[in-house]
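*Asks:* The structure follows.
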Amino acid sequence: MNKCLHCGVTITDKTDVCPLCRCVVELEGTDAQAERYPNIRLKGRKLELVSRIALFLAIVLGALAVLLNYTMDSDRMWSVIVVGVLAYLMLFLFYIIVNEHAGYRSKVVIGVACGAADLVVIDYVLGFKHWSLDYAIPLTLLAMDLMIIVVMFINIRNWQSYLLFQIVMIVCSGICVILSVCGVIRHPLMSYIALGFSSVMFLATFIIGGRRARNELKRRFHVM
Amino acid sequence: MNKKNQTQPGKKQKRKASRRAREPKWDKLDNTAHLFPVIAGDDMTNVYRISVVLKEPVIGDTLQRALDMVLPKFDGFNVRLRQGFFWYYFEENGKPAPEVLEEDTYPCRYIIQHRNNSYLFRVTYYMCRINLEVFHVLTDGMGGLNFLKELTYQYLRLSHPKLREQEGDRLSIETSLNREDSFLQNYKKSHARNYRSSRAFIMKAPRLRAQEFGVMHGYLQIPQLKEVCRRHEMSINEYLVALVVWSIYQGYLHGAQAKRPIRAAVPVNLRPYFDSVTTKNFFVVVSAEFMPEKENYTFEEVLLIVKESLRSQIKKENLEDIFSYNVSNEKNLAMRAVPLVIKNLAIRSVYTKTALANTTTVTNIGNVKVREAYEPYIEMFHSFLAMSKGQLLKGTICSYQETLAFTFSSVLEKPVVQKIFFRTLAAEGLDVTIESNGVYYE
């Protein structure tokens, strides 16, 4: 035990100075006190350093692409594609790999949504032949549906927790169908298939799942 | 044939029971808990720690076994947080208990929902100390203490077989497993807002490095403290809150006049007022206010102002008014039907406006009592809180037997308030023993 004569307090820490006033303490008795808290060293994460280097390189590459595109006086704004792809890579690195807080579901949703947006941008820069809207996005939605089925089997104990995800897929496929009705999507076949598949998947889960599926929806949509 | 008839229903019942067991239970959040998932993050974790210091070193494997045994008995802790379309809710967590780890990080870090086996609390140990860190969405200090005591009892029973023979593995009769929402049970309809939202004085000073967290315990002898409080005609709680306010006034305003009041948020446990034994959150926050309208208030003047401020607010009717306003909002049908995403935006906006209404928080866990059989093994309890927006230093009072632990948790680099606080106590004639987690030596 140590005593600080300035503060008038006894200190149990292993120390020569008072933590309050930083004056040298007087040793009182010889009973050595064990440390009550671990000595913590902040663990610097190598991944964070790699991420920062990657961000720097992405900014430099993006700026270089814009500059080259501008000085070469090209007909196509190809630098937009480069910037879009770099932005997606950065999102992948920071949101999906480095980020510990987001759950895997939000990582998948955000990753796929941003990837789809990138495809639309690429299509637009290449003359907007609508392949992104007609085929790429509905196919992505179908792939997500299949992924949900696989994950439901992997996490069979909590299969019902994917019902809300399935509803989100119906809404997204529905938006594609609305876009095709409005004429934004010119070849609606894939959109109809995506909506049909999402709906059948949800209905099958809801009907076969019985009470457990109903209770999950009750929980998810409880108002009070 | 008869035998067959007898066994078949048994099998059916078993199968039915196992189907029911697989169906996860769920529960709604209490009124206060709606806030925490929305505002929680790395900087404002809304995690508090309650620790028990034993008289023997803690063995990790035994503590893990104790947790594995105790957790299934506590529905309130055996949950994960899920997001519905309109509200968050708790769902039974079917995963194994979280891993008990030796403490190797700073305390009260953010509990990431999908880590830690999706549990909303963590158990760590270091030397003779067992730490329970709880995300406030689960329960308040009383609920946390309830769980920690049972975990400690089970640990001690596993470590001392004679104790196990004597006490058995049942939960003790003082332990509540009640999970009613006492806010809803006790609120009165249509109340106007009854808490302060104007800005308070905020302590501005250099902070510790990112992720660092300062802890300083001050141990006081309760008979000595009672004597000092009697001299000032105050309760222990009032005295210590007033002393924190005084320390901020001296440390950051240096006795000068100020435009904004120093306010110490004081959470009040509502259970004794409303005859509740719930293990969900059931508290409201009142604010001890001191407005430095002139220069050089004396210590006695500050004590008197804070005492009167607290006494005028800690009355059953006032406490009821405070939570009734919040519950009325929750019960409002129009508000209920708003999607969670929009509710979250509104909650965050209201919180941002009201968060700076307090300079600090001083909470009191009370005097912890344990069963007589376990007393020889337990040295002390203490507790502390994580930081919140604008509040970079908080105090927690916790006592056990004849010793009171006043713990400061802070992310401020220099222990300015702590120095004045403990020096004043020593000047009042108290024996003060302090212990820190070492960040103030670097």
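Lettering and numbering for the structure tokens are positional, with chains as A, B, ... in the shown order, residues counted from 1 in each chain, and ligands counted from 1 in the shown order.
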Could you work out which residues of chain A fall inside 6 Å of chain B? Count only C-alpha atoms, and format the result as a PyMOL selection string.
*Replies:* chain A and resi 7-13+19-20+37+101+220-221+223
*Asks:* As a ChimeraX atom specification, please: all residues of stretch 235-403 of chain B that backbone DSSP puts in alpha helix (DSSP H).
*Replies:* /B:236-252,271-274,299-313,316-331,333-336,340-355
*Asks:* Would you kindly return, as a PDB file with C-alpha atoms, in the first residue's frame, each protein, DNA or RNA residue with an atom no farther than 8 Å from any atom of B:Asn93, considering only C-alpha atoms and excluding same-chain residues fewer than 4 positions away?
*Replies:*
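Result file follows (result_6.pdb):
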ATOM      1  CA  PRO B  24     -38.274 -19.916 -29.723  1.00  0.00           C
ATOM      2  CA  ASN B  78     -30.925 -16.160 -22.531  1.00  0.00           C
ATOM      3  CA  VAL B  79     -32.017 -14.011 -25.474  1.00  0.00           C
ATOM      4  CA  ARG B  80     -30.836 -12.300 -28.631  1.00  0.00           C
ATOM      5  CA  SER B 118     -25.662 -13.335 -30.133  1.00  0.00           C
ATOM      6  CA  TYR B 119     -25.871 -12.826 -26.348  1.00  0.00           C
TER       7      TYR B 119
END
*Asks:* Applying 7 Å and only C-alpha atoms, which residues near stretch 117-119 of chain A remain after dropping the ones on its own chain fewer than 4 positions away? List them as a PyMOL selection string.
*Replies:* chain A and resi 84+113+123+132
*Asks:* Would you save the residues of that selection, restricted to N, CA and C atoms, as a JSON list (two decimals), in the first residue's frame?
*Replies:*
[["chain", "number", "residue", "atom", "x", "y", "z"],
["A", 84, "GLY", "N", -16.51, 3.62, -60.44],
["A", 84, "GLY", "CA", -17.58, 2.78, -59.87],
["A", 84, "GLY", "C", -17.04, 1.47, -59.33],
["A", 113, "ALA", "N", -26.85, -5.01, -53.52],
["A", 113, "ALA", "CA", -27.53, -3.79, -54.01],
["A", 113, "ALA", "C", -26.52, -2.85, -54.68],
["A", 123, "ASP", "N", -23.63, -0.37, -67.66],
["A", 123, "ASP", "CA", -24.54, -0.46, -68.81],
["A", 123, "ASP", "C", -24.78, 0.93, -69.41],
["A", 132, "SER", "N", -28.45, -4.64, -68.05],
["A", 132, "SER", "CA", -28.35, -4.66, -66.58],
["A", 132, "SER", "C", -29.74, -4.80, -65.95]]
*Asks:* For B:Glu233, list every protein, DNA or RNA residue within 12 Å, evaluated using only C-alpha atoms, and leave out those in the same chain fewer than 4 positions away; present the list as a PyMOL selection string.
*Replies:* chain B and resi 225-229+237-239+300+303-304+307-308
*Asks:* Please produce a file of the residues just selected, as a short mmCIF file (atom, residue, chain, number, x, y, z; two decimals), in the first residue's frame, where the atoms kept are N, CA and C atoms.
*Replies:*
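See part16.cif below for the written result:
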data_model
loop_
_atom_site.label_atom_id
_atom_site.label_comp_id
_atom_site.auth_asym_id
_atom_site.auth_seq_id
_atom_site.Cartn_x
_atom_site.Cartn_y
_atom_site.Cartn_z
N LEU B 225 -18.54 7.48 6.70
CA LEU B 225 -19.28 8.27 5.72
C LEU B 225 -20.63 8.70 6.28
N LYS B 226 -21.26 7.79 7.01
CA LYS B 226 -22.55 8.11 7.62
C LYS B 226 -22.41 9.29 8.58
N GLU B 227 -21.32 9.28 9.31
CA GLU B 227 -21.07 10.35 10.28
C GLU B 227 -20.95 11.70 9.57
N VAL B 228 -20.21 11.71 8.47
CA VAL B 228 -20.05 12.96 7.69
C VAL B 228 -21.39 13.40 7.13
N CYS B 229 -22.18 12.45 6.61
CA CYS B 229 -23.48 12.79 6.02
C CYS B 229 -24.43 13.32 7.09
N ASN B 237 -26.33 9.05 -0.62
CA ASN B 237 -26.50 9.27 -2.06
C ASN B 237 -26.47 10.77 -2.39
N GLU B 238 -27.23 11.54 -1.64
CA GLU B 238 -27.28 12.99 -1.88
C GLU B 238 -25.89 13.61 -1.71
N TYR B 239 -25.20 13.17 -0.67
CA TYR B 239 -23.88 13.73 -0.38
C TYR B 239 -22.89 13.44 -1.51
N GLU B 300 -20.68 24.07 1.29
CA GLU B 300 -21.97 23.87 1.97
C GLU B 300 -23.13 24.34 1.11
N LEU B 303 -23.78 21.77 -1.57
CA LEU B 303 -24.43 20.58 -0.98
C LEU B 303 -25.91 20.83 -0.78
N LEU B 304 -26.24 22.01 -0.27
CA LEU B 304 -27.63 22.35 0.04
C LEU B 304 -28.47 22.43 -1.24
N LYS B 307 -28.95 18.94 -2.66
CA LYS B 307 -29.87 18.17 -1.80
C LYS B 307 -31.32 18.57 -2.08
N GLU B 308 -31.57 19.89 -2.14
CA GLU B 308 -32.95 20.35 -2.38
C GLU B 308 -33.43 19.96 -3.77
#
*Asks:* Contacts of B:Arg207 at 9 Å or less, counting only C-alpha atoms, minus same-chain residues fewer than 4 places along, as a CSV table (one decimal) with N, CA and C atoms, in the first residue's frame?
*Replies:*
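Writing the result to result.csv gives the following:
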chain,number,residue,atom,x,y,z
B,392,LEU,N,-18.5,12.5,-20.3
B,392,LEU,CA,-17.2,11.8,-20.5
B,392,LEU,C,-16.7,11.3,-19.1
B,410,SER,N,-14.3,7.0,-16.9
B,410,SER,CA,-14.0,8.3,-17.6
B,410,SER,C,-13.2,8.0,-18.9
B,411,VAL,N,-13.4,8.9,-19.9
B,411,VAL,CA,-12.5,8.9,-21.0
B,411,VAL,C,-11.7,10.2,-21.1
B,412,LEU,N,-11.7,11.0,-20.0
B,412,LEU,CA,-10.9,12.2,-19.9
B,412,LEU,C,-9.5,11.8,-19.5
B,413,GLU,N,-8.5,12.5,-20.1
B,413,GLU,CA,-7.1,12.2,-19.9
B,413,GLU,C,-6.7,12.4,-18.4
B,414,LYS,N,-7.1,13.5,-17.9
B,414,LYS,CA,-6.6,13.8,-16.5
B,414,LYS,C,-7.8,13.6,-15.5
*Asks:* At a cut-off of 12 Å, using only C-alpha atoms, what residues contact A:Leu139? Leave out same-chain residues fewer than 2 positions from it and give the result as a PyMOL selection string.
*Replies:* chain A and resi 112+116+131-137+141-146+172-173+176+188-195+197-198
*Asks:* Based on DSSP run over this structure's backbone, return all residues of stretch 42-185 of chain B in strand (DSSP E), as a count of residues only.
*Replies:* 33
*Asks:* Figure out the distance between atom CA of B:Gln185 and atom CA of B:Phe147, please, to one decimal in Å.
*Replies:* 23.2 Å
*Asks:* Rank A:Ile96, A:Val85, A:Val80, A:Val168 by their smallest atom-to-atom distance to A:Val66, using only C-alpha atoms, and report the top residue only.
*Replies:*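 With only C-alpha atoms as the atom set, the closest residue is A:Val80.
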